[in-house]
>>> print(open('data-v7.csv').read())   # CSV, C-alpha atoms
chain,number,residue,atom,x,y,z
J,1402,MET,CA,0.0,0.0,0.0
J,1403,ASN,CA,1.8,3.1,-1.2
J,1404,GLY,CA,0.8,6.2,0.8
J,1405,THR,CA,-2.0,5.8,3.2
J,1406,ILE,CA,-4.5,8.2,4.7
J,1407,GLY,CA,-5.9,7.7,8.2
J,1408,GLY,CA,-9.6,6.9,8.8
J,1409,GLU,CA,-10.1,10.1,10.7
J,1410,GLN,CA,-8.6,12.1,7.9
J,1411,LEU,CA,-10.8,10.3,5.3
J,1412,ALA,CA,-13.8,11.2,7.5
J,1413,LEU,CA,-12.7,14.9,7.5
J,1414,ILE,CA,-12.2,15.0,3.8
J,1415,SER,CA,-15.6,13.3,3.2
J,1416,ASN,CA,-17.5,15.5,5.7
J,1417,LEU,CA,-16.0,18.8,4.3
J,1418,ARG,CA,-16.7,17.7,0.7
J,1419,GLN,CA,-20.3,17.0,1.7
J,1420,LEU,CA,-20.8,20.4,3.4
J,1421,TRP,CA,-19.2,22.5,0.7
J,1422,THR,CA,-21.2,20.6,-1.9
J,1423,GLN,CA,-24.3,21.2,0.0
J,1424,LEU,CA,-23.6,24.9,0.1
J,1425,ALA,CA,-23.3,24.9,-3.7
J,1426,ILE,CA,-26.4,22.7,-4.2
J,1427,TRP,CA,-28.7,24.7,-2.0
J,1428,SER,CA,-27.4,28.1,-3.2
J,1429,ARG,CA,-28.3,27.0,-6.7
J,1430,SER,CA,-31.6,25.6,-5.6
J,1431,LEU,CA,-32.4,29.0,-4.2
J,1432,ILE,CA,-31.5,30.6,-7.6
J,1433,VAL,CA,-33.7,28.1,-9.4
J,1434,SER,CA,-36.7,28.7,-7.1
J,1435,THR,CA,-36.3,32.4,-7.1
J,1436,ALA,CA,-36.1,32.6,-10.9
J,1437,GLY,CA,-39.1,30.3,-11.2
J,1438,ASN,CA,-41.2,31.9,-8.4
J,1439,LEU,CA,-41.5,28.6,-6.6
J,1440,ARG,CA,-43.0,28.2,-3.2
J,1441,ASP,CA,-40.1,26.4,-1.5
J,1442,ILE,CA,-37.9,29.5,-1.1
J,1443,GLN,CA,-38.3,29.5,2.7
J,1444,MET,CA,-37.4,25.8,3.0
J,1445,ILE,CA,-34.3,26.3,0.9
J,1446,THR,CA,-33.2,29.4,2.9
J,1447,ASP,CA,-33.7,27.5,6.2
J,1448,ARG,CA,-31.7,24.6,4.8
J,1449,LEU,CA,-28.9,26.9,3.7
J,1450,MET,CA,-28.7,28.4,7.2
J,1451,GLN,CA,-28.2,25.0,8.7
J,1452,ILE,CA,-24.9,24.6,6.8
J,1453,PRO,CA,-22.7,27.0,8.9
J,1454,GLU,CA,-23.7,25.1,12.1
J,1455,ALA,CA,-22.8,21.8,10.5
J,1456,PHE,CA,-19.4,23.2,9.5
J,1457,ALA,CA,-18.9,24.5,13.1
J,1458,ALA,CA,-19.6,20.9,14.4
J,1459,VAL,CA,-16.8,19.5,12.1
J,1460,LEU,CA,-14.3,22.3,12.7
J,1461,GLY,CA,-15.1,22.2,16.4
J,1462,GLN,CA,-13.6,18.7,16.6
J,1463,TYR,CA,-10.2,20.3,15.8
J,1464,PHE,CA,-10.3,24.0,16.5
J,1465,GLU,CA,-11.2,25.8,19.7
J,1466,PRO,CA,-15.0,26.3,20.1
J,1467,GLN,CA,-14.8,30.1,19.6
J,1468,GLU,CA,-12.7,29.6,16.5
J,1469,ALA,CA,-15.3,27.2,14.9
J,1470,ASP,CA,-18.0,29.6,16.0
J,1471,ARG,CA,-16.3,32.6,14.3
J,1472,PHE,CA,-16.2,30.6,11.1
J,1473,ARG,CA,-19.9,29.8,11.5
J,1474,GLU,CA,-20.6,33.5,11.8
J,1475,LEU,CA,-18.6,34.4,8.7
J,1476,LEU,CA,-20.3,31.7,6.7
J,1477,GLU,CA,-23.7,32.8,7.9
J,1478,GLU,CA,-22.7,36.3,6.5
J,1479,HIS,CA,-21.8,34.7,3.2
J,1480,ILE,CA,-25.2,32.9,3.0
J,1481,ALA,CA,-27.2,36.0,4.0
J,1482,GLY,CA,-25.3,37.9,1.3
J,1483,VAL,CA,-26.1,35.2,-1.3
J,1484,VAL,CA,-29.8,35.2,-0.3
J,1485,ALA,CA,-30.0,39.0,-0.5
J,1486,LEU,CA,-28.2,39.1,-3.8
J,1487,ILE,CA,-30.4,36.5,-5.5
J,1488,SER,CA,-33.5,38.3,-4.5
J,1489,ALA,CA,-32.1,41.7,-5.7
J,1490,GLU,CA,-31.1,40.2,-9.0
J,1491,LYS,CA,-34.6,38.8,-9.4
J,1492,ASN,CA,-36.1,42.3,-8.7
J,1493,ASN,CA,-33.7,44.1,-11.0
J,1494,ASP,CA,-32.5,46.1,-8.0
J,1495,VAL,CA,-29.1,47.1,-9.4
J,1496,LYS,CA,-28.0,49.1,-6.4
J,1497,THR,CA,-28.5,46.2,-4.0
J,1498,VAL,CA,-27.0,43.8,-6.4
J,1499,ASN,CA,-23.8,45.9,-6.6
J,1500,GLN,CA,-23.7,46.4,-2.9
J,1501,GLU,CA,-24.2,42.7,-2.1
J,1502,THR,CA,-21.6,41.7,-4.6
J,1503,VAL,CA,-19.1,43.9,-3.0
J,1504,ASN,CA,-20.1,42.5,0.4
J,1505,LEU,CA,-19.7,38.9,-0.8
J,1506,TYR,CA,-16.1,39.5,-1.9
J,1507,GLU,CA,-15.3,41.4,1.3
J,1508,ASN,CA,-16.7,38.6,3.3
J,1509,ALA,CA,-14.6,36.1,1.4
J,1510,ASN,CA,-11.5,38.1,2.2
J,1511,ARG,CA,-12.5,38.1,5.9
J,1512,ILE,CA,-12.9,34.4,5.8
J,1513,ALA,CA,-9.5,34.0,4.2
J,1514,THR,CA,-7.9,36.3,6.7
J,1515,TYR,CA,-9.6,34.6,9.6
J,1516,LEU,CA,-8.8,31.0,8.6
J,1517,VAL,CA,-5.1,31.9,8.1
J,1518,SER,CA,-5.0,33.5,11.5
J,1519,VAL,CA,-6.1,30.2,13.2
J,1520,ASN,CA,-4.0,27.9,11.0
J,1521,SER,CA,-0.7,29.0,9.5
J,1522,TYR,CA,-0.7,25.9,7.2
J,1523,TRP,CA,-3.3,27.8,5.1
J,1524,ASN,CA,-2.2,30.5,2.7
J,1525,ASN,CA,-4.2,33.8,2.7
J,1526,GLU,CA,-3.8,34.3,-1.1
J,1527,GLN,CA,-4.8,30.8,-1.9
J,1528,TRP,CA,-8.0,31.0,0.2
J,1529,GLN,CA,-8.8,34.4,-1.5
J,1530,ILE,CA,-8.3,32.9,-4.9
J,1531,ILE,CA,-10.5,29.8,-4.5
J,1532,LEU,CA,-13.2,31.7,-2.6
J,1533,GLU,CA,-13.3,34.5,-5.2
J,1534,ASP,CA,-13.5,31.9,-8.0
J,1535,TYR,CA,-16.4,30.2,-6.2
J,1536,ILE,CA,-18.2,33.5,-5.9
J,1537,GLU,CA,-17.5,34.4,-9.5
J,1538,MET,CA,-19.0,31.1,-10.6
J,1539,LEU,CA,-22.0,31.5,-8.3
J,1540,LEU,CA,-22.7,35.0,-9.8
J,1541,ALA,CA,-22.3,33.6,-13.3
J,1542,ASP,CA,-24.7,30.9,-12.5
J,1543,LEU,CA,-27.2,33.4,-11.2
J,1544,VAL,CA,-27.0,35.6,-14.2
J,1545,ALA,CA,-27.3,32.7,-16.6
J,1546,ARG,CA,-30.3,31.3,-14.9
J,1547,MET,CA,-32.1,34.6,-14.8
J,1548,ALA,CA,-31.3,35.1,-18.5
J,1549,GLY,CA,-32.8,31.7,-19.2
J,1550,VAL,CA,-29.6,30.2,-20.8
J,1551,PHE,CA,-30.1,26.8,-19.2
J,1552,ALA,CA,-27.6,24.6,-20.9
J,1553,LYS,CA,-24.9,27.1,-20.2
J,1554,GLU,CA,-26.1,27.5,-16.6
J,1555,ILE,CA,-25.8,23.7,-16.0
J,1556,VAL,CA,-22.2,23.8,-17.2
J,1557,ILE,CA,-21.5,26.6,-14.8
J,1558,PHE,CA,-23.1,24.7,-12.0
J,1559,ASP,CA,-20.9,21.7,-12.7
J,1560,ASP,CA,-17.9,23.9,-12.4
J,1561,LEU,CA,-19.3,25.4,-9.2
J,1562,GLN,CA,-19.7,21.9,-7.7
J,1563,THR,CA,-16.1,21.1,-8.7
J,1564,GLN,CA,-15.0,24.4,-7.1
J,1565,ALA,CA,-16.8,23.5,-3.9
J,1566,ILE,CA,-14.9,20.2,-3.7
J,1567,LYS,CA,-11.7,22.2,-4.3
J,1568,LEU,CA,-12.5,24.4,-1.3
J,1569,ALA,CA,-13.2,21.3,0.8
J,1570,ASP,CA,-10.0,19.6,-0.1
J,1571,TYR,CA,-7.9,22.7,0.6
J,1572,MET,CA,-9.6,23.1,3.9
J,1573,ALA,CA,-9.0,19.5,4.8
J,1574,GLN,CA,-5.4,19.6,3.6
J,1575,GLY,CA,-4.5,22.5,5.9
J,1576,MET,CA,-6.3,20.9,8.8
J,1577,MET,CA,-4.5,17.6,8.3
J,1578,GLN,CA,-1.1,19.4,8.2
J,1579,LYS,CA,-1.9,21.2,11.5
J,1580,PHE,CA,-3.6,18.4,13.4
J,1581,HIS,CA,-2.4,15.2,11.8
J,1582,PRO,CA,1.2,15.9,10.9
W,1019,MET,CA,-16.4,4.1,4.5
W,1020,TYR,CA,-19.1,1.5,5.0
W,1021,ASP,CA,-17.7,-2.0,5.4
W,1022,MET,CA,-19.2,-5.0,3.9
W,1023,THR,CA,-21.6,-5.5,6.8
W,1024,GLY,CA,-22.9,-2.0,6.2
W,1025,ASN,CA,-21.4,-0.4,9.3
W,1026,TRP,CA,-20.0,3.0,9.0
W,1027,LYS,CA,-16.3,2.9,9.5
W,1028,TYR,CA,-13.7,5.1,8.1
W,1029,HIS,CA,-10.7,2.8,7.7
W,1030,ALA,CA,-7.3,3.9,6.8
W,1031,ALA,CA,-7.2,4.0,3.0
W,1032,ASN,CA,-4.6,4.2,0.3
W,1033,TYR,CA,-5.0,6.9,-2.3
W,1034,GLY,CA,-6.4,4.6,-4.9
W,1035,GLN,CA,-9.2,3.6,-2.5
W,1036,MET,CA,-9.8,7.2,-1.5
W,1037,ASN,CA,-10.0,8.4,-5.1
W,1038,LEU,CA,-12.5,5.6,-6.0
W,1039,MET,CA,-14.6,6.4,-2.9
W,1040,THR,CA,-14.7,10.2,-3.7
W,1041,GLU,CA,-15.3,9.7,-7.4
W,1042,LEU,CA,-18.3,7.4,-6.8
W,1043,ARG,CA,-19.7,9.6,-4.1
W,1044,LYS,CA,-19.6,12.5,-6.5
W,1045,LEU,CA,-21.5,10.6,-9.2
W,1046,TRP,CA,-24.1,9.3,-6.8
W,1047,ILE,CA,-24.6,12.8,-5.4
W,1048,GLU,CA,-25.1,14.0,-8.9
W,1049,HIS,CA,-27.5,11.2,-9.5
W,1050,ILE,CA,-29.8,12.3,-6.7
W,1051,LEU,CA,-29.2,16.0,-7.2
W,1052,TRP,CA,-30.2,16.0,-10.9
W,1053,THR,CA,-33.1,13.7,-10.1
W,1054,ARG,CA,-34.4,16.2,-7.6
W,1055,LEU,CA,-33.9,19.1,-10.0
W,1056,PHE,CA,-35.8,17.2,-12.7
W,1057,ILE,CA,-38.6,16.6,-10.2
W,1058,VAL,CA,-38.6,20.3,-9.3
W,1059,SER,CA,-38.6,21.5,-12.9
W,1060,ALA,CA,-41.1,18.9,-14.2
W,1061,LEU,CA,-43.7,19.5,-11.5
W,1062,ALA,CA,-43.4,23.3,-11.8
W,1063,GLU,CA,-43.1,23.0,-15.6
W,1064,LEU,CA,-40.0,25.2,-15.7
W,1065,PRO,CA,-38.4,26.1,-19.0
W,1066,ASP,CA,-35.1,24.3,-18.1
W,1067,LEU,CA,-36.7,20.9,-18.2
W,1068,ASP,CA,-35.0,19.6,-21.3
W,1069,ALA,CA,-31.6,20.9,-20.3
W,1070,THR,CA,-32.0,19.4,-16.8
W,1071,LYS,CA,-33.2,16.0,-18.2
W,1072,LYS,CA,-30.2,15.9,-20.6
W,1073,ARG,CA,-27.8,16.5,-17.7
W,1074,LEU,CA,-29.6,13.9,-15.6
W,1075,LEU,CA,-29.3,11.3,-18.4
W,1076,ARG,CA,-25.5,12.0,-18.6
W,1077,ASN,CA,-25.1,10.4,-15.2
W,1078,PRO,CA,-25.2,6.8,-16.3
W,1079,SER,CA,-22.5,7.4,-18.9
W,1080,ASP,CA,-20.3,9.0,-16.2
W,1081,PHE,CA,-20.7,5.8,-14.1
W,1082,ALA,CA,-20.0,3.6,-17.1
W,1083,ASN,CA,-16.7,5.5,-17.8
W,1084,ILE,CA,-15.5,4.5,-14.3
W,1085,LEU,CA,-16.9,1.0,-14.4
W,1086,GLU,CA,-15.4,0.3,-17.8
W,1087,ILE,CA,-11.9,0.6,-16.3
W,1088,PHE,CA,-12.6,-2.3,-14.0
W,1089,TYR,CA,-15.2,-4.4,-15.8
W,1090,GLY,CA,-14.6,-3.7,-19.5
W,1091,ARG,CA,-16.8,-2.0,-21.9
W,1092,GLN,CA,-19.6,-4.5,-22.3
W,1093,LYS,CA,-20.5,-4.9,-18.6
W,1094,ALA,CA,-20.2,-1.1,-18.1
W,1095,GLU,CA,-22.5,-0.6,-21.0
W,1096,VAL,CA,-25.1,-3.0,-19.5
W,1097,PHE,CA,-25.0,-1.0,-16.3
W,1098,ARG,CA,-25.3,2.2,-18.2
W,1099,ASN,CA,-28.4,1.0,-20.0
W,1100,LEU,CA,-30.0,-0.2,-16.8
W,1101,LEU,CA,-29.3,3.0,-14.9
W,1102,GLU,CA,-30.6,5.1,-17.8
W,1103,GLU,CA,-33.7,3.0,-17.8
W,1104,HIS,CA,-34.0,3.7,-14.0
W,1105,LEU,CA,-33.9,7.4,-14.7
W,1106,LYS,CA,-36.3,7.3,-17.7
W,1107,ILE,CA,-38.8,5.3,-15.7
W,1108,ALA,CA,-38.4,7.8,-12.8
W,1109,ALA,CA,-39.1,10.7,-15.3
W,1110,SER,CA,-42.3,8.9,-16.4
W,1111,ILE,CA,-43.4,8.5,-12.8
W,1112,VAL,CA,-42.9,12.2,-12.1
W,1113,ASP,CA,-44.7,13.2,-15.3
W,1114,ASN,CA,-47.7,10.9,-14.7
W,1115,ALA,CA,-47.9,11.9,-11.0
W,1116,ASN,CA,-48.0,15.5,-12.2
W,1117,TRP,CA,-50.8,14.7,-14.6
W,1118,GLY,CA,-52.8,12.7,-12.0
W,1119,ASN,CA,-52.5,9.4,-13.9
W,1120,THR,CA,-52.6,7.1,-10.9
W,1121,LYS,CA,-52.7,3.9,-12.9
W,1122,ALA,CA,-49.7,4.8,-15.1
W,1123,VAL,CA,-47.8,5.7,-11.9
W,1124,GLU,CA,-48.5,2.3,-10.5
W,1125,GLN,CA,-47.4,0.6,-13.8
W,1126,TYR,CA,-44.2,2.5,-14.0
W,1127,SER,CA,-43.5,1.9,-10.3
W,1128,ARG,CA,-43.6,-1.9,-11.0
W,1129,LEU,CA,-41.2,-1.5,-13.9
W,1130,TRP,CA,-39.0,0.7,-11.7
W,1131,TYR,CA,-38.7,-2.0,-9.0
W,1132,SER,CA,-38.1,-4.7,-11.6
W,1133,ASN,CA,-35.3,-2.6,-13.1
W,1134,ALA,CA,-33.8,-2.1,-9.7
W,1135,ASP,CA,-33.8,-5.9,-9.2
W,1136,ARG,CA,-32.0,-6.3,-12.6
W,1137,ILE,CA,-29.4,-3.8,-11.5
W,1138,ALA,CA,-28.9,-5.8,-8.3
W,1139,ALA,CA,-28.6,-9.0,-10.2
W,1140,LEU,CA,-26.1,-7.5,-12.7
W,1141,LEU,CA,-23.9,-6.1,-9.9
W,1142,ALA,CA,-23.9,-9.4,-8.0
W,1143,GLY,CA,-23.1,-11.1,-11.3
W,1144,ILE,CA,-20.0,-9.1,-12.0
W,1145,ASN,CA,-18.6,-8.9,-8.5
W,1146,PRO,CA,-18.9,-11.7,-6.0
W,1147,CYS,CA,-18.1,-9.2,-3.2
W,1148,TRP,CA,-21.5,-7.5,-3.9
W,1149,ALA,CA,-24.5,-9.3,-2.4
W,1150,GLU,CA,-27.6,-9.2,-4.6
W,1151,ASP,CA,-29.9,-8.9,-1.6
W,1152,GLU,CA,-28.0,-6.0,-0.2
W,1153,TRP,CA,-28.1,-4.1,-3.5
W,1154,LYS,CA,-31.8,-4.9,-3.8
W,1155,ASN,CA,-32.4,-3.4,-0.3
W,1156,LEU,CA,-30.3,-0.4,-1.0
W,1157,LEU,CA,-32.0,0.3,-4.4
W,1158,HIS,CA,-35.5,-0.3,-3.1
W,1159,ASP,CA,-34.8,2.3,-0.3
W,1160,HIS,CA,-33.5,4.7,-2.9
W,1161,LEU,CA,-36.7,4.2,-5.0
W,1162,ARG,CA,-39.0,4.5,-2.0
W,1163,MET,CA,-37.5,7.8,-0.8
W,1164,THR,CA,-37.4,9.2,-4.3
W,1165,ALA,CA,-41.1,8.5,-4.7
W,1166,ASP,CA,-41.7,10.1,-1.3
W,1167,GLU,CA,-39.9,13.2,-2.5
W,1168,VAL,CA,-42.1,13.4,-5.6
W,1169,MET,CA,-45.2,13.1,-3.5
W,1170,ALA,CA,-44.1,15.7,-1.0
W,1171,ARG,CA,-43.4,18.2,-3.7
W,1172,LEU,CA,-46.6,17.4,-5.5
W,1173,ALA,CA,-48.5,18.1,-2.3
W,1174,GLY,CA,-46.5,21.3,-1.8
W,1175,GLU,CA,-45.0,20.0,1.4
W,1176,PHE,CA,-41.6,21.6,0.9
W,1177,MET,CA,-40.2,21.2,4.4
W,1178,LYS,CA,-40.8,17.5,4.1
W,1179,ASP,CA,-39.2,17.6,0.6
W,1180,GLY,CA,-36.1,19.1,2.1
W,1181,ILE,CA,-35.9,16.6,4.9
W,1182,ILE,CA,-36.4,13.7,2.5
W,1183,PHE,CA,-33.7,15.0,0.3
W,1184,ASP,CA,-31.2,15.0,3.2
W,1185,MET,CA,-32.2,11.4,3.9
W,1186,ILE,CA,-31.8,10.5,0.2
W,1187,GLU,CA,-28.3,12.0,0.3
W,1188,GLU,CA,-27.2,10.0,3.4
W,1189,GLN,CA,-28.6,6.8,1.9
W,1190,VAL,CA,-27.0,7.3,-1.5
W,1191,LEU,CA,-23.6,7.9,0.1
W,1192,ALA,CA,-24.0,4.7,2.0
W,1193,MET,CA,-24.9,2.9,-1.3
W,1194,SER,CA,-21.9,4.5,-2.9
W,1195,ASP,CA,-19.6,3.3,-0.2
W,1196,VAL,CA,-20.9,-0.3,-0.6
W,1197,MET,CA,-20.1,0.0,-4.3
W,1198,THR,CA,-16.6,1.2,-3.4
W,1199,ALA,CA,-15.9,-1.4,-0.7
W,1200,GLY,CA,-16.9,-4.2,-3.0
W,1201,MET,CA,-14.6,-3.0,-5.8
W,1202,ILE,CA,-11.7,-2.5,-3.4
W,1203,LYS,CA,-12.2,-6.1,-2.2
W,1204,GLN,CA,-12.6,-7.5,-5.7
W,1205,PHE,CA,-9.7,-5.8,-7.3
W,1206,ASP,CA,-7.5,-5.6,-4.2
W,1207,ILE,CA,-7.2,-1.8,-4.8
>>> encode(input="data-v7.csv", output="structure tokens")
Amino acid sequence: MNGTIGGEQLALISNLRQLWTQLAIWSRSLIVSTAGNLRDIQMITDRLMQIPEAFAAVLGQYFEPQEADRFRELLEEHIAGVVALISAEKNNDVKTVNQETVNLYENANRIATYLVSVNSYWNNEQWQIILEDYIEMLLADLVARMAGVFAKEIVIFDDLQTQAIKLADYMAQGMMQKFHP
Amino acid sequence: MYDMTGNWKYHAANYGQMNLMTELRKLWIEHILWTRLFIVSALAELPDLDATKKRLLRNPSDFANILEIFYGRQKAEVFRNLLEEHLKIAASIVDNANWGNTKAVEQYSRLWYSNADRIAALLAGINPCWAEDEWKNLLHDHLRMTADEVMARLAGEFMKDGIIFDMIEEQVLAMSDVMTAGMIKQFDI
């Protein structure tokens, strides 16, 4: 067996992949339901808001409780921004769209800065790049869906899902370096 | 991952094992995700239905591409066809449920279970480490929950739909890990 990975690390990778993927899936579901005026918007928003808590539970197995909690808050901010942005895009509220877009990128930078401050195995610039790419894809997905270019939107979502896995693996990698050297 | 007795255990793994596990998990997640999105779009008659159905029907080919590496083209192709049939029957169930054709829903449901049993038989036939009964149970659970998801959305019970989808997700990951564990054992990965 050439190169092995511990059971606990495998669990960490799997759990983080699942959570980041859920973030992408439910964010897109909110886009779909908002664009189509569906009646499940409240359910999806509630479901999205469970994700930061689930992250905190996984991170809390490794980091100090207040550190996991701070990440939870930052991710809640991200989701609140996404929810506001999708709704503003639907209502053609350009001013709010612009404001929330700026907020999302600023929030991403705060997430990057915070994560690096609790784990020096992570790189600030790398976090910024992969989070910004994720946001960029999410915005492209939103615009494509609202414009009704569905085949294109599906390709964008496939990329978003891949990006979510990339975020998960980078998160797991830094945690394994710190906690399972 | 799930061991052969179905107990959740993350064992130490080599990278080949981990990659197979994560690849199959991704495909099974896509399987249930695009199924749900098809249900959402079909029941609400959204304009993305064709694009979504096309993406859903790519899933069996994605599986076949992985299985072909281990089982050769012919067996992978049989699996692809059966999984495609599974999805097409599911689509017919959703459409007929939406149109209120109870009788057609019942007929397609019978076909759906018989297709699941053929998938279980195929898998047990190509890998002695996969038990036919276990696959039957897993696939039947998958069908039952998917049908529940359709009914919940049709009834406008969206909180229930969300809860069912979470259960479908956990179940499909378990099913995926059974698939992985059987291949690891068979091919000594």
>>> atom_distance(input="data-v7.csv", atom1="CA of Tyr1126 in chain W", atom2="CA of Ser1110 in chain W")
7.1 Å
>>> interface_residues(input="data-v7.csv", of="chain W", to="chain J", cutoff="7 Å", atoms="all atoms listed in the file", output="PyMOL selection string")
chain W and resi 1028-1033+1064+1066+1069+1176-1177+1180
>>> closest_residue(input="data-v7.csv", among="W:Ile1144, W:Met1197, W:Met1163, W:Ile1202", to="Met1185 in chain W", atoms="only C-alpha atoms")
W:Met1163
>>> atom_distance(input="data-v7.csv", atom1="CA of Asn1504 in chain J", atom2="CA of Met1450 in chain J")
17.9 Å
>>> atom_distance(input="data-v7.csv", atom1="CA of Leu1431 in chain J", atom2="CA of Ile1487 in chain J")
7.9 Å
>>> axis_aligned_box(input="data-v7.csv", around="range 1031-1047 of chain W", padding_each_side="6 Å", output="AutoDock Vina command-line options")
--center_x -14.6 --center_y 8.2 --center_z -3.1 --size_x 32.0 --size_y 21.2 --size_z 24.2
>>> closest_residue(input="data-v7.csv", among="W:Tyr1089, W:Arg1171, W:Glu1095, W:Glu1103", to="Leu1061 in chain W", atoms="only C-alpha atoms")
W:Arg1171
>>> residues_around(input="data-v7.csv", residues="Ala1485 in chain J", least_positions_apart="2", cutoff="12 Å", atoms="only C-alpha atoms", output="PyMOL selection string")
chain J and resi 1428+1431-1432+1435+1446+1478-1483+1487-1492+1494+1496-1502+1504-1505
>>> closest_residue(input="data-v7.csv", among="W:Ala1094, W:Leu1156, W:Leu1067, W:Ala1115", to="Leu1191 in chain W", atoms="only C-alpha atoms")
W:Leu1156
>>> residues_around(input="data-v7.csv", residues="Leu1038 in chain W", least_positions_apart="5", cutoff="10 Å", atoms="all atoms listed in the file", output="number ranges by chain")
W: 1033, 1043-1044, 1084, 1194-1195, 1197-1199, 1201-1202, 1207
>>> residues_around(input="data-v7.csv", residues="Lys1072 in chain W", least_positions_apart="4", cutoff="10 Å", atoms="all atoms listed in the file", output="PDB file with C-alpha atoms, in the frame of the given file")
ATOM      1  CA  ALA J1552     -27.600  24.600 -20.900  1.00  0.00           C
TER       2      ALA J1552
ATOM      3  CA  TRP W1052     -30.200  16.000 -10.900  1.00  0.00           C
ATOM      4  CA  PHE W1056     -35.800  17.200 -12.700  1.00  0.00           C
ATOM      5  CA  LEU W1067     -36.700  20.900 -18.200  1.00  0.00           C
ATOM      6  CA  ASP W1068     -35.000  19.600 -21.300  1.00  0.00           C
ATOM      7  CA  ARG W1076     -25.500  12.000 -18.600  1.00  0.00           C
ATOM      8  CA  ASN W1077     -25.100  10.400 -15.200  1.00  0.00           C
TER       9      ASN W1077
END
>>> residues_around(input="data-v7.csv", residues="Asp1542 in chain J", least_positions_apart="5", cutoff="8 Å", atoms="all atoms listed in the file", output="MDAnalysis selection string")
chainID J and resid 1429 1554 1557:1558
>>> residues_near_point(input="data-v7.csv", point="(-18.6, -0.3, -17.4)", cutoff="12 Å", atoms="all atoms listed in the file", output="MDAnalysis selection string")
chainID W and resid 1078:1101 1140:1141 1144
>>> closest_residue(input="data-v7.csv", among="J:Asp1570, J:Glu1526, J:Glu1468, J:Glu1477", to="Glu1454 in chain J", atoms="only C-alpha atoms")
J:Glu1477
>>> residues_around(input="data-v7.csv", residues="Ala1469 in chain J", least_positions_apart="6", cutoff="12 Å", atoms="only C-alpha atoms", output="ChimeraX atom specification")
/J:1453-1463,1475-1476,1512,1515-1516,1519-1520
>>> closest_residue(input="data-v7.csv", among="W:Glu1124, W:Met1193, W:Glu1188, W:Ile1050", to="Asn1155 in chain W", atoms="only C-alpha atoms")
W:Met1193
>>> closest_residue(input="data-v7.csv", among="W:Leu1161, W:Ala1149, W:Ile1047, W:Ile1182", to="Asn1133 in chain W", atoms="all atoms listed in the file")
W:Leu1161
>>> build_atoms(input="data-v7.csv", residues="range 1554-1566 of chain J", atoms="N, CA and C atoms", output="mmCIF file, in the frame of the given file")
data_model
loop_
_atom_site.group_PDB
_atom_site.id
_atom_site.type_symbol
_atom_site.label_atom_id
_atom_site.label_comp_id
_atom_site.auth_asym_id
_atom_site.auth_seq_id
_atom_site.Cartn_x
_atom_site.Cartn_y
_atom_site.Cartn_z
ATOM 1 N N GLU J 1554 -26.005 27.409 -18.055
ATOM 2 C CA GLU J 1554 -26.100 27.500 -16.600
ATOM 3 C C GLU J 1554 -25.708 26.167 -15.951
ATOM 4 N N ILE J 1555 -26.113 25.069 -16.569
ATOM 5 C CA ILE J 1555 -25.800 23.700 -16.000
ATOM 6 C C ILE J 1555 -24.302 23.483 -16.054
ATOM 7 N N VAL J 1556 -23.646 23.908 -17.127
ATOM 8 C CA VAL J 1556 -22.200 23.800 -17.200
ATOM 9 C C VAL J 1556 -21.524 24.590 -16.110
ATOM 10 N N ILE J 1557 -22.043 25.797 -15.889
ATOM 11 C CA ILE J 1557 -21.500 26.600 -14.800
ATOM 12 C C ILE J 1557 -21.677 25.987 -13.463
ATOM 13 N N PHE J 1558 -22.842 25.388 -13.262
ATOM 14 C CA PHE J 1558 -23.100 24.700 -12.000
ATOM 15 C C PHE J 1558 -22.146 23.542 -11.771
ATOM 16 N N ASP J 1559 -21.906 22.778 -12.829
ATOM 17 C CA ASP J 1559 -20.900 21.700 -12.700
ATOM 18 C C ASP J 1559 -19.584 22.188 -12.235
ATOM 19 N N ASP J 1560 -19.185 23.333 -12.798
ATOM 20 C CA ASP J 1560 -17.900 23.900 -12.400
ATOM 21 C C ASP J 1560 -17.986 24.410 -10.919
ATOM 22 N N LEU J 1561 -19.124 24.943 -10.538
ATOM 23 C CA LEU J 1561 -19.300 25.400 -9.200
ATOM 24 C C LEU J 1561 -19.161 24.243 -8.172
ATOM 25 N N GLN J 1562 -19.758 23.121 -8.559
ATOM 26 C CA GLN J 1562 -19.700 21.900 -7.700
ATOM 27 C C GLN J 1562 -18.226 21.450 -7.587
ATOM 28 N N THR J 1563 -17.500 21.472 -8.699
ATOM 29 C CA THR J 1563 -16.100 21.100 -8.700
ATOM 30 C C THR J 1563 -15.289 22.059 -7.793
ATOM 31 N N GLN J 1564 -15.633 23.350 -7.889
ATOM 32 C CA GLN J 1564 -15.000 24.400 -7.100
ATOM 33 C C GLN J 1564 -15.236 24.148 -5.591
ATOM 34 N N ALA J 1565 -16.461 23.740 -5.264
ATOM 35 C CA ALA J 1565 -16.800 23.500 -3.900
ATOM 36 C C ALA J 1565 -15.938 22.330 -3.322
ATOM 37 N N ILE J 1566 -15.710 21.328 -4.156
ATOM 38 C CA ILE J 1566 -14.900 20.200 -3.700
ATOM 39 C C ILE J 1566 -13.415 20.680 -3.550
#
